[in-house]
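**Q** Data file structure.pdb (PDB, C-alpha atoms) is appended below.
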```
ATOM      1  CA  MET P 192     104.632  87.386  66.274
ATOM      2  CA  LEU P 193     106.937  90.140  67.555
ATOM      3  CA  LEU P 194     105.784  93.762  67.359
ATOM      4  CA  ASN P 195     107.882  96.906  67.649
ATOM      5  CA  PRO P 196     105.314  99.703  67.292
ATOM      6  CA  PRO P 197     106.085 103.423  67.031
ATOM      7  CA  TYR P 198     106.776 104.913  70.458
ATOM      8  CA  SER P 199     105.621 108.480  69.892
ATOM      9  CA  PHE P 200     104.818 111.111  67.298
ATOM     10  CA  ARG P 201     106.371 114.551  67.017
ATOM     11  CA  GLY P 202     104.536 116.899  69.340
ATOM     12  CA  GLY P 203     103.326 114.096  71.594
ATOM     13  CA  SER P 204     100.021 113.688  69.778
ATOM     14  CA  GLY P 205      97.917 110.604  70.415
ATOM     15  CA  VAL P 206      96.132 108.162  68.125
ATOM     16  CA  ALA P 207      92.345 107.947  67.982
ATOM     17  CA  ILE P 208      90.781 104.525  68.528
ATOM     18  CA  GLU P 209      87.265 103.341  69.289
ATOM     19  CA  LEU P 210      86.806 101.199  72.369
ATOM     20  CA  ALA P 211      83.386  99.916  73.473
ATOM     21  CA  GLY P 212      81.692 102.660  71.489
ATOM     22  CA  THR P 213      83.867 105.417  72.955
ATOM     23  CA  ARG P 214      86.443 107.358  70.963
ATOM     24  CA  LEU P 215      89.750 107.642  72.831
ATOM     25  CA  SER P 216      93.135 109.237  72.199
ATOM     26  CA  VAL P 217      95.902 106.858  73.281
ATOM     27  CA  SER P 218      99.634 106.467  72.736
ATOM     28  CA  PRO P 219     100.838 105.202  69.330
ATOM     29  CA  ALA P 220     102.222 102.018  70.898
ATOM     30  CA  ALA P 221      98.975 101.124  72.695
ATOM     31  CA  ALA P 222      96.934 101.905  69.570
ATOM     32  CA  PHE P 223      99.199  99.668  67.465
ATOM     33  CA  VAL P 224      98.817  96.702  69.835
ATOM     34  CA  TRP P 225      95.043  97.199  70.067
ATOM     35  CA  ARG P 226      94.602  97.281  66.293
ATOM     36  CA  VAL P 227      96.649  94.105  65.824
ATOM     37  CA  ILE P 228      94.397  92.325  68.326
ATOM     38  CA  GLU P 229      91.286  93.733  66.623
ATOM     39  CA  GLU P 230      92.420  92.638  63.152
ATOM     40  CA  LEU P 231      93.437  89.124  64.247
ATOM     41  CA  PRO P 232      90.457  87.759  66.206
ATOM     42  CA  ASN P 233      91.938  84.249  66.409
ATOM     43  CA  LEU P 234      95.236  85.480  67.797
ATOM     44  CA  SER P 235      96.660  83.201  70.490
ATOM     45  CA  GLY P 236      99.442  85.520  71.560
ATOM     46  CA  ILE P 237     102.038  88.101  70.587
ATOM     47  CA  ALA P 238     105.179  89.689  71.957
ATOM     48  CA  ALA P 239     105.938  93.394  71.701
ATOM     49  CA  ILE P 240     108.845  95.697  72.483
ATOM     50  CA  LEU P 241     107.124  98.697  74.048
ATOM     51  CA  PRO P 242     108.092 101.913  75.804
ATOM     52  CA  GLU P 243     107.934 101.107  79.505
ATOM     53  CA  GLY P 244     105.583 103.972  80.286
ATOM     54  CA  VAL P 245     102.833 102.708  77.972
ATOM     55  CA  LEU P 246     101.914  99.989  80.472
ATOM     56  CA  HIS P 247     101.317 102.502  83.247
ATOM     57  CA  ASN P 248     100.200 105.873  81.896
ATOM     58  CA  ILE P 249      96.640 106.967  82.590
ATOM     59  CA  ARG P 250      95.411 107.536  79.048
ATOM     60  CA  ASP P 251      96.284 103.965  77.959
ATOM     61  CA  ARG P 252      94.605 102.221  80.905
ATOM     62  CA  PRO P 253      91.279 101.583  79.113
ATOM     63  CA  VAL P 254      93.171  99.780  76.330
ATOM     64  CA  TRP P 255      95.041  97.463  78.687
ATOM     65  CA  ALA P 256      91.907  96.838  80.747
ATOM     66  CA  ALA P 257      90.117  95.695  77.584
ATOM     67  CA  ILE P 258      93.054  93.522  76.490
ATOM     68  CA  GLU P 259      93.350  91.901  79.920
ATOM     69  CA  ARG P 260      89.770  90.661  79.746
ATOM     70  CA  GLU P 261      90.987  88.034  77.253
ATOM     71  CA  PHE P 262      94.773  88.037  77.493
ATOM     72  CA  ALA P 263      97.460  87.746  80.143
ATOM     73  CA  VAL P 264      99.867  90.690  79.805
ATOM     74  CA  SER P 265     103.334  90.167  81.280
ATOM     75  CA  ALA P 266     106.424  92.382  81.229
ATOM     76  CA  ARG P 267     109.212  89.856  80.669
ATOM     77  CA  VAL P 268     112.484  91.709  80.126
ATOM     78  CA  SER P 269     113.418  95.295  80.904
ATOM     79  CA  LEU P 270     115.659  96.815  78.233
ATOM     80  CA  GLY P 271     118.150  99.490  79.194
ATOM     81  CA  ALA P 272     117.670 103.111  78.236
ATOM     82  CA  ARG P 273     120.388 102.840  75.556
ATOM     83  CA  SER P 274     119.402  99.512  74.026
ATOM     84  CA  PHE P 275     118.585 101.207  70.715
ATOM     85  CA  ARG P 276     121.170 103.231  68.842
ATOM     86  CA  GLY P 277     120.366 106.931  68.713
ATOM     87  CA  ALA P 278     117.617 106.762  71.341
ATOM     88  CA  VAL P 279     117.466 107.067  75.114
ATOM     89  CA  VAL P 280     114.309 105.258  76.175
ATOM     90  CA  ASN P 281     113.355 102.630  78.741
ATOM     91  CA  ALA P 282     111.736  99.762  76.873
ATOM     92  CA  VAL P 283     110.304  96.412  77.899
ATOM     93  CA  LEU P 284     109.565  93.111  76.171
ATOM     94  CA  VAL P 285     105.904  92.271  76.818
ATOM     95  CA  THR P 286     104.061  89.027  76.107
ATOM     96  CA  ILE P 287     100.307  89.069  75.491
ATOM     97  CA  ASP P 288      98.836  85.554  75.643
ATOM     98  CA  ARG P 289      95.213  84.534  75.314
ATOM     99  CA  THR P 290      94.021  82.585  78.316
ATOM    100  CA  ASP P 291      90.694  81.345  79.614
ATOM    101  CA  SER P 292      91.719  81.669  83.224
ATOM    102  CA  LEU P 293      93.813  84.649  84.234
ATOM    103  CA  VAL P 294      95.696  84.092  87.454
ATOM    104  CA  LYS P 295      97.286  87.338  88.519
ATOM    105  CA  ALA P 296      99.837  87.361  91.310
ATOM    106  CA  GLY P 297      99.004  89.934  93.965
ATOM    107  CA  ARG P 298     101.446  92.318  95.581
ATOM    108  CA  SER P 299     100.875  90.735  98.995
ATOM    109  CA  ALA P 300     103.672  88.179  98.438
ATOM    110  CA  HIS P 301     106.306  90.821  99.177
ATOM    111  CA  LEU P 302     104.187  93.485 100.849
ATOM    112  CA  GLY P 303     104.357  93.712 104.639
ATOM    113  CA  ARG P 304     101.258  94.386 106.720
ATOM    114  CA  ALA P 305     100.635  97.625 108.588
ATOM    115  CA  PRO P 306     101.020  97.290 112.377
ATOM    116  CA  LEU P 307      97.896  96.279 114.274
ATOM    117  CA  GLY P 308      96.365  97.964 117.305
ATOM    118  CA  VAL P 309      97.607 101.474 116.492
ATOM    119  CA  CYS P 310      96.421 104.390 114.384
ATOM    120  CA  ASN P 311      97.413 103.759 110.773
ATOM    121  CA  CYS P 312      96.443 107.120 109.292
ATOM    122  CA  VAL P 313      99.008 108.401 106.794
ATOM    123  CA  GLU P 314      99.014 111.319 104.364
ATOM    124  CA  ILE P 315     100.754 111.060 100.987
ATOM    125  CA  VAL P 316     102.499 114.302 100.032
ATOM    126  CA  ARG P 317     104.070 114.869  96.612
ATOM    127  CA  GLY P 318     106.845 117.463  96.694
ATOM    128  CA  ARG P 319     106.140 120.596  94.678
ATOM    129  CA  VAL P 320     109.255 122.798  94.363
ATOM    130  CA  PRO P 321     111.654 122.420  91.388
ATOM    131  CA  VAL P 322     115.372 122.515  92.192
ATOM    132  CA  ARG P 323     115.887 125.545  89.950
ATOM    133  CA  VAL P 324     113.787 127.738  92.263
ATOM    134  CA  ALA P 325     114.714 126.077  95.560
ATOM    135  CA  ASP P 326     116.858 128.896  96.940
ATOM    136  CA  GLN P 327     114.481 131.726  97.771
ATOM    137  CA  GLY P 328     116.582 133.257 100.521
ATOM    138  CA  GLY P 329     114.553 131.663 103.300
ATOM    139  CA  ASP P 330     115.585 129.829 106.452
ATOM    140  CA  THR P 331     113.859 126.473 105.852
ATOM    141  CA  PRO P 332     115.664 123.302 104.689
ATOM    142  CA  PHE P 333     115.012 122.261 101.084
ATOM    143  CA  ILE P 334     115.219 118.500 100.514
ATOM    144  CA  HIS P 335     115.894 116.976  97.100
ATOM    145  CA  SER P 336     116.089 113.264  96.256
ATOM    146  CA  THR P 337     119.904 113.402  96.267
ATOM    147  CA  ASP P 338     119.786 114.443  99.938
ATOM    148  CA  LEU P 339     118.271 111.065 100.856
ATOM    149  CA  ALA P 340     121.406 109.056 100.068
ATOM    150  CA  GLY P 341     123.241 109.817 103.322
ATOM    151  CA  ALA P 342     122.580 108.481 106.793
ATOM    152  CA  VAL P 343     121.423 111.942 107.914
ATOM    153  CA  VAL P 344     119.125 114.181 105.859
ATOM    154  CA  LEU P 345     120.479 117.711 106.026
ATOM    155  CA  GLY P 346     118.975 119.447 103.025
ATOM    156  CA  LYS P 347     119.999 122.951 102.032
ATOM    157  CA  THR P 348     118.833 126.157 103.657
ATOM    158  CA  GLY P 349     117.159 128.830 101.584
ATOM    159  CA  GLY P 350     113.692 127.339 101.259
ATOM    160  CA  ASN P 351     110.609 129.522 101.552
ATOM    161  CA  ARG P 352     108.749 128.628 104.769
ATOM    162  CA  ALA P 353     105.437 129.367 103.048
ATOM    163  CA  LEU P 354     106.117 126.342 100.808
ATOM    164  CA  ALA P 355     107.159 124.047 103.658
ATOM    165  CA  THR P 356     105.389 120.869 104.752
ATOM    166  CA  PRO P 357     105.178 120.383 108.541
ATOM    167  CA  GLY P 358     104.907 117.179 110.527
ATOM    168  CA  HIS P 359     106.653 113.848 111.002
ATOM    169  CA  LEU P 360     107.688 112.764 107.510
ATOM    170  CA  VAL P 361     109.104 109.634 105.906
ATOM    171  CA  LEU P 362     110.734 110.531 102.581
ATOM    172  CA  PHE P 363     111.749 108.563  99.498
ATOM    173  CA  PRO P 364     112.524 109.538  95.877
ATOM    174  CA  ARG P 365     109.610 110.108  93.531
ATOM    175  CA  VAL P 366     111.892 110.246  90.487
ATOM    176  CA  GLY P 367     115.197 108.623  89.692
ATOM    177  CA  PRO P 368     116.943 105.996  91.821
ATOM    178  CA  ARG P 369     114.548 103.563  93.383
ATOM    179  CA  SER P 370     113.663 103.508  97.034
ATOM    180  CA  ALA P 371     116.092 100.929  98.420
ATOM    181  CA  GLY P 372     118.566 102.687 100.722
ATOM    182  CA  ARG P 373     116.940 106.081 100.167
ATOM    183  CA  THR P 374     114.098 106.036 102.678
ATOM    184  CA  ARG P 375     114.592 108.558 105.477
ATOM    185  CA  MET P 376     112.643 110.120 108.348
ATOM    186  CA  VAL P 377     112.675 113.865 109.066
ATOM    187  CA  ASP P 378     110.707 116.296 111.185
ATOM    188  CA  GLY P 379     109.245 119.277 109.353
ATOM    189  CA  PRO P 380     108.772 121.936 108.403
ATOM    190  CA  VAL P 381     110.822 121.267 105.275
ATOM    191  CA  VAL P 382     110.421 122.316 101.651
ATOM    192  CA  LEU P 383     110.083 119.226  99.450
ATOM    193  CA  SER P 384     111.560 118.969  95.973
ATOM    194  CA  ASP P 385     109.208 117.832  93.226
ATOM    195  CA  CYS P 386     111.447 114.742  92.989
ATOM    196  CA  VAL P 387     110.543 113.656  96.539
ATOM    197  CA  MET P 388     107.531 111.809  97.929
ATOM    198  CA  ALA P 389     106.621 112.079 101.617
ATOM    199  CA  LEU P 390     104.429 110.082 103.966
ATOM    200  CA  ARG P 391     103.220 112.168 106.903
ATOM    201  CA  LEU P 392     102.316 110.517 110.193
ATOM    202  CA  ARG P 393     100.632 111.904 113.289
ATOM    203  CA  ASP P 394     103.525 111.362 115.718
ATOM    204  CA  ARG P 395     107.144 110.288 115.766
ATOM    205  CA  ASN P 396     106.431 106.713 116.871
ATOM    206  CA  SER P 397     104.059 106.278 113.936
ATOM    207  CA  ALA P 398     106.735 107.662 111.604
ATOM    208  CA  ILE P 399     109.233 105.114 112.943
ATOM    209  CA  ARG P 400     106.730 102.313 112.293
ATOM    210  CA  MET P 401     106.199 103.592 108.745
ATOM    211  CA  LEU P 402     109.946 103.763 108.116
ATOM    212  CA  GLU P 403     110.320 100.157 109.267
ATOM    213  CA  TRP P 404     107.372  99.050 107.117
ATOM    214  CA  LEU P 405     108.711 100.779 103.997
ATOM    215  CA  ARG P 406     112.120  99.210 104.385
ATOM    216  CA  ALA P 407     110.569  95.777 104.904
ATOM    217  CA  SER P 408     108.371  96.305 101.817
ATOM    218  CA  SER P 409     111.029  97.856  99.581
ATOM    219  CA  ASP P 410     110.583  95.234  96.828
ATOM    220  CA  ALA P 411     106.912  96.131  96.475
ATOM    221  CA  LEU P 412     107.678  99.857  96.442
ATOM    222  CA  ASP P 413     110.537  99.492  93.969
ATOM    223  CA  SER P 414     108.354  97.524  91.543
ATOM    224  CA  GLU P 415     106.055 100.551  91.137
ATOM    225  CA  TYR P 416     108.698 102.815  89.546
ATOM    226  CA  HIS P 417     107.994 103.046  85.815
ATOM    227  CA  GLY P 418     108.548 105.403  82.920
ATOM    228  CA  THR P 419     109.674 105.532  79.321
ATOM    229  CA  GLY P 420     112.111 108.293  80.324
ATOM    230  CA  ALA P 421     112.974 108.804  83.989
ATOM    231  CA  ARG P 422     111.379 106.102  86.108
ATOM    232  CA  HIS P 423     109.052 107.469  88.765
ATOM    233  CA  ILE P 424     106.317 106.464  91.180
ATOM    234  CA  THR P 425     102.868 108.058  91.302
ATOM    235  CA  VAL P 426     100.727 109.152  94.231
ATOM    236  CA  GLU P 427      98.104 106.668  93.072
ATOM    237  CA  ALA P 428     100.562 103.747  93.126
ATOM    238  CA  VAL P 429     101.793 104.675  96.610
ATOM    239  CA  GLY P 430      98.220 104.933  97.878
ATOM    240  CA  THR P 431      97.284 101.555  96.411
ATOM    241  CA  LEU P 432     100.254  99.877  98.117
ATOM    242  CA  LEU P 433      99.537 101.493 101.467
ATOM    243  CA  ARG P 434      95.848 100.612 101.452
ATOM    244  CA  ALA P 435      96.579  97.031 100.354
ATOM    245  CA  ALA P 436      98.802  96.678 103.422
ATOM    246  CA  GLY P 437      96.184  98.086 105.804
ATOM    247  CA  TRP P 438      97.234 101.742 106.096
ATOM    248  CA  ASN P 439      94.519 104.397 106.131
ATOM    249  CA  ALA P 440      96.067 106.524 103.380
ATOM    250  CA  LYS P 441      94.963 109.694 101.625
ATOM    251  CA  HIS P 442      96.622 112.253  99.375
ATOM    252  CA  VAL P 443      97.070 115.855 100.539
ATOM    253  CA  ARG P 444      98.805 118.813  98.932
ATOM    254  CA  ALA P 445     102.289 119.833  99.986
ATOM    255  CA  SER P 446     102.607 122.816 102.346
ATOM    256  CA  THR P 447      99.326 122.066 104.113
ATOM    257  CA  ALA P 448      98.784 121.344 107.803
ATOM    258  CA  ILE P 449      98.036 117.802 108.910
ATOM    259  CA  SER P 450      94.332 116.999 108.652
ATOM    260  CA  ALA P 451      91.949 115.236 111.004
ATOM    261  CA  CYS P 452      92.568 111.522 111.396
ATOM    262  CA  ASP P 453      90.033 109.165 109.844
ATOM    263  CA  CYS P 454      90.948 106.158 111.981
ATOM    264  CA  ALA P 455      87.984 104.345 113.476
ATOM    265  CA  PRO P 456      87.877 104.556 117.277
TER     266      PRO P 456
END
```
Show me the file's structure as structure tokens.

**A**
Amino acid sequence: MLLNPPYSFRGGSGVAIELAGTRLSVSPAAAFVWRVIEELPNLSGIAAILPEGVLHNIRDRPVWAAIEREFAVSARVSLGARSFRGAVVNAVLVTIDRTDSLVKAGRSAHLGRAPLGVCNCVEIVRGRVPVRVADQGGDTPFIHSTDLAGAVVLGKTGGNRALATPGHLVLFPRVGPRSAGRTRMVDGPVVLSDCVMALRLRDRNSAIRMLEWLRASSDALDSEYHGTGARHITVEAVGTLLRAAGWNAKHVRASTAISACDCAP
């Protein structure tokens, strides 16, 4: 059985479903899949063409968690943004197969380990300043994702120092092109575009180690970019990858000073 559920409703409204006695509002696509599974209790498996974002957005997670208790969910084929006439949307062909023994491949197969014997504290910083308001007549470099393509990160002057993030930073795009070839190290303070993600380390040597680790683990990082529209990576996904590799990671707001290190002595 192949499903092609509705992707969205005008106004972005959700669909109400009941899950384990709780009423939830989820995306139309997730609700459609859930109701098919509910109505066909002897279902062995289905395939569905879904908006890519439905597998990763927060409000649909309870649905997929419930489905994965009895089914293996696999994204098989990524469809280009212009696969459907008159629409620009990233879609994916997903198979949902009932199985008695779910064997899920971990990320560790292509995820390098954090270096041993050194402090592995790292702060995850999500950029906050939109490009349209970047030039505020200041003297601080503003760095957008497009500035990460060159060998040297120059940025553009004009950023407001009050919005700058200090410290030793390793940058990569949050939105748009994936991380491969766009991972760079800079010393702050710099103003970060809202299309940039930063990892802040306590010293330059630690930043160099992080840069090397990210480049060695680029496949794992790249696999976490998702989205029905522009593909992007979340703070949560970055934190999960870092902690799985042995980094002591936490999220902090942009423009804040580096916090105390939580590394064990």

**Q** As a check of understanding, name the residues that the PyMOL selection byres ((chain P and resi 235) around 10) selects in the supplied structure, as JSON, numbers by chain.

**A** {"P": [192, 228, 231, 232, 233, 234, 236, 237, 262, 287, 288, 289, 290]}

**Q** Quick one: residues within 12 Å of stretch 404-406 of chain P, all atoms listed in the file, excluding same-chain residues fewer than 5 positions away - as a ChimeraX atom specification?

**A** /P:301-306,311,361-363,370-376,389-390,397-399,411-413,429,432-433,436-438

**Q** In Å, rounded to a single decimal, give me how far atom CA of P:Glu243 is from atom CA of P:Gly318.

**A** 23.8 Å

**Q** For P:Asp394, please output as number ranges by chain all residues within 12 Å (counting only C-alpha atoms; exclusion window: fewer than 6 positions along the same chain).

**A** P: 309-313, 357-361, 376-379, 400-401, 449, 452

**Q** Box time for stretch 195-198 of chain P: axis-aligned, enclosing all its listed atoms, 6 Å extra on each side; report centre and edge lengths in Å to one decimal, as lines of an AutoDock Vina configuration file.

**A**
```
center_x = 106.6
center_y = 100.9
center_z = 68.7
size_x = 14.6
size_y = 20.0
size_z = 15.4
```

**Q** Go ahead and compute the interatomic distance for atom CA of P:Arg250 and atom CA of P:Val217, in Å to one decimal.

**A** 5.8 Å

**Q** Taking all atoms listed in the file into account, which of P:Ala340, P:Ala421, P:Leu392, P:Ala282 comes nearest P:Arg365?

**A**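 Among the listed residues, the smallest separation from P:Arg365 belongs to P:Ala421.
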
**Q** Can you pull out the residues contacting P:Thr419? Cut-off 8 Å, using all atoms listed in the file, and skip same-chain residues under 4 positions away; I want them as a PyMOL selection string.

**A** chain P and resi 242-245+280-282

**Q** I need the residue nearest P:Gly271 from this list: P:Val381, P:Leu284, P:Ile424, P:Pro364. Use only C-alpha atoms for the distance.

**A**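 The shortest atom-to-atom distance to P:Gly271 comes from P:Leu284.
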
**Q** Could you check how far atom CA of P:Thr348 sits from atom CA of P:Met388, in Å to one decimal?

**A** 19.1 Å

**Q** Residues proximal to (109.6, 88.7, 82.8) were defined as those with any atom within 12 Å of that point in the file's coordinates, counting only C-alpha atoms. Which are they, as a ChimeraX atom specification?

**A** /P:238,264-270,283-287

**Q** I'd like the contact shell of P:Trp225 - 8 Å cut-off, all atoms listed in the file, skipping same-chain residues fewer than 3 positions apart - returned as a PyMOL selection string.

**A** chain P and resi 221-222+228-229+254+258

**Q** Could you list the residues chosen by the PyMOL selection byres ((chain P and resi 327) around 6) in this structure as a list in words?

**A** Asp326, Gly328, Gly329, Gly349, Gly350 and Asn351 of chain P

**Q** Considering all atoms listed in the file, can you say which of P:Thr337, P:Ser408, P:Thr356, P:Lys347 comes closest to P:Ala435?

**A**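 Of the candidates, the smallest distance to P:Ala435 is held by P:Ser408.
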
**Q** Evaluate the PyMOL selection byres ((chain P and resi 382) around 7) on the structure here and hand back the selected residues as a list in words.

**A**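 With the shown file as input, the PyMOL selection byres ((chain P and resi 382) around 7) matches Thr331, Pro332, Phe333, Ile334, Gly350, Leu354, Ala355, Thr356, Pro380, Val381, Leu383 and Ser384 of chain P.
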
**Q** Quick one: residues within 9 Å of P:Leu246, all atoms listed in the file, excluding same-chain residues fewer than 5 positions away - as a list in words?

**A**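 Those residues are Ala221, Leu241, Asp251, Arg252, Trp255, Ala266, His417 and Gly418 of chain P.
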
**Q** Of the residues P:Pro196, P:Gly430, P:Gly367, P:Pro253, which is the one nearest to P:Arg214, using all atoms listed in the file?

**A** P:Pro253
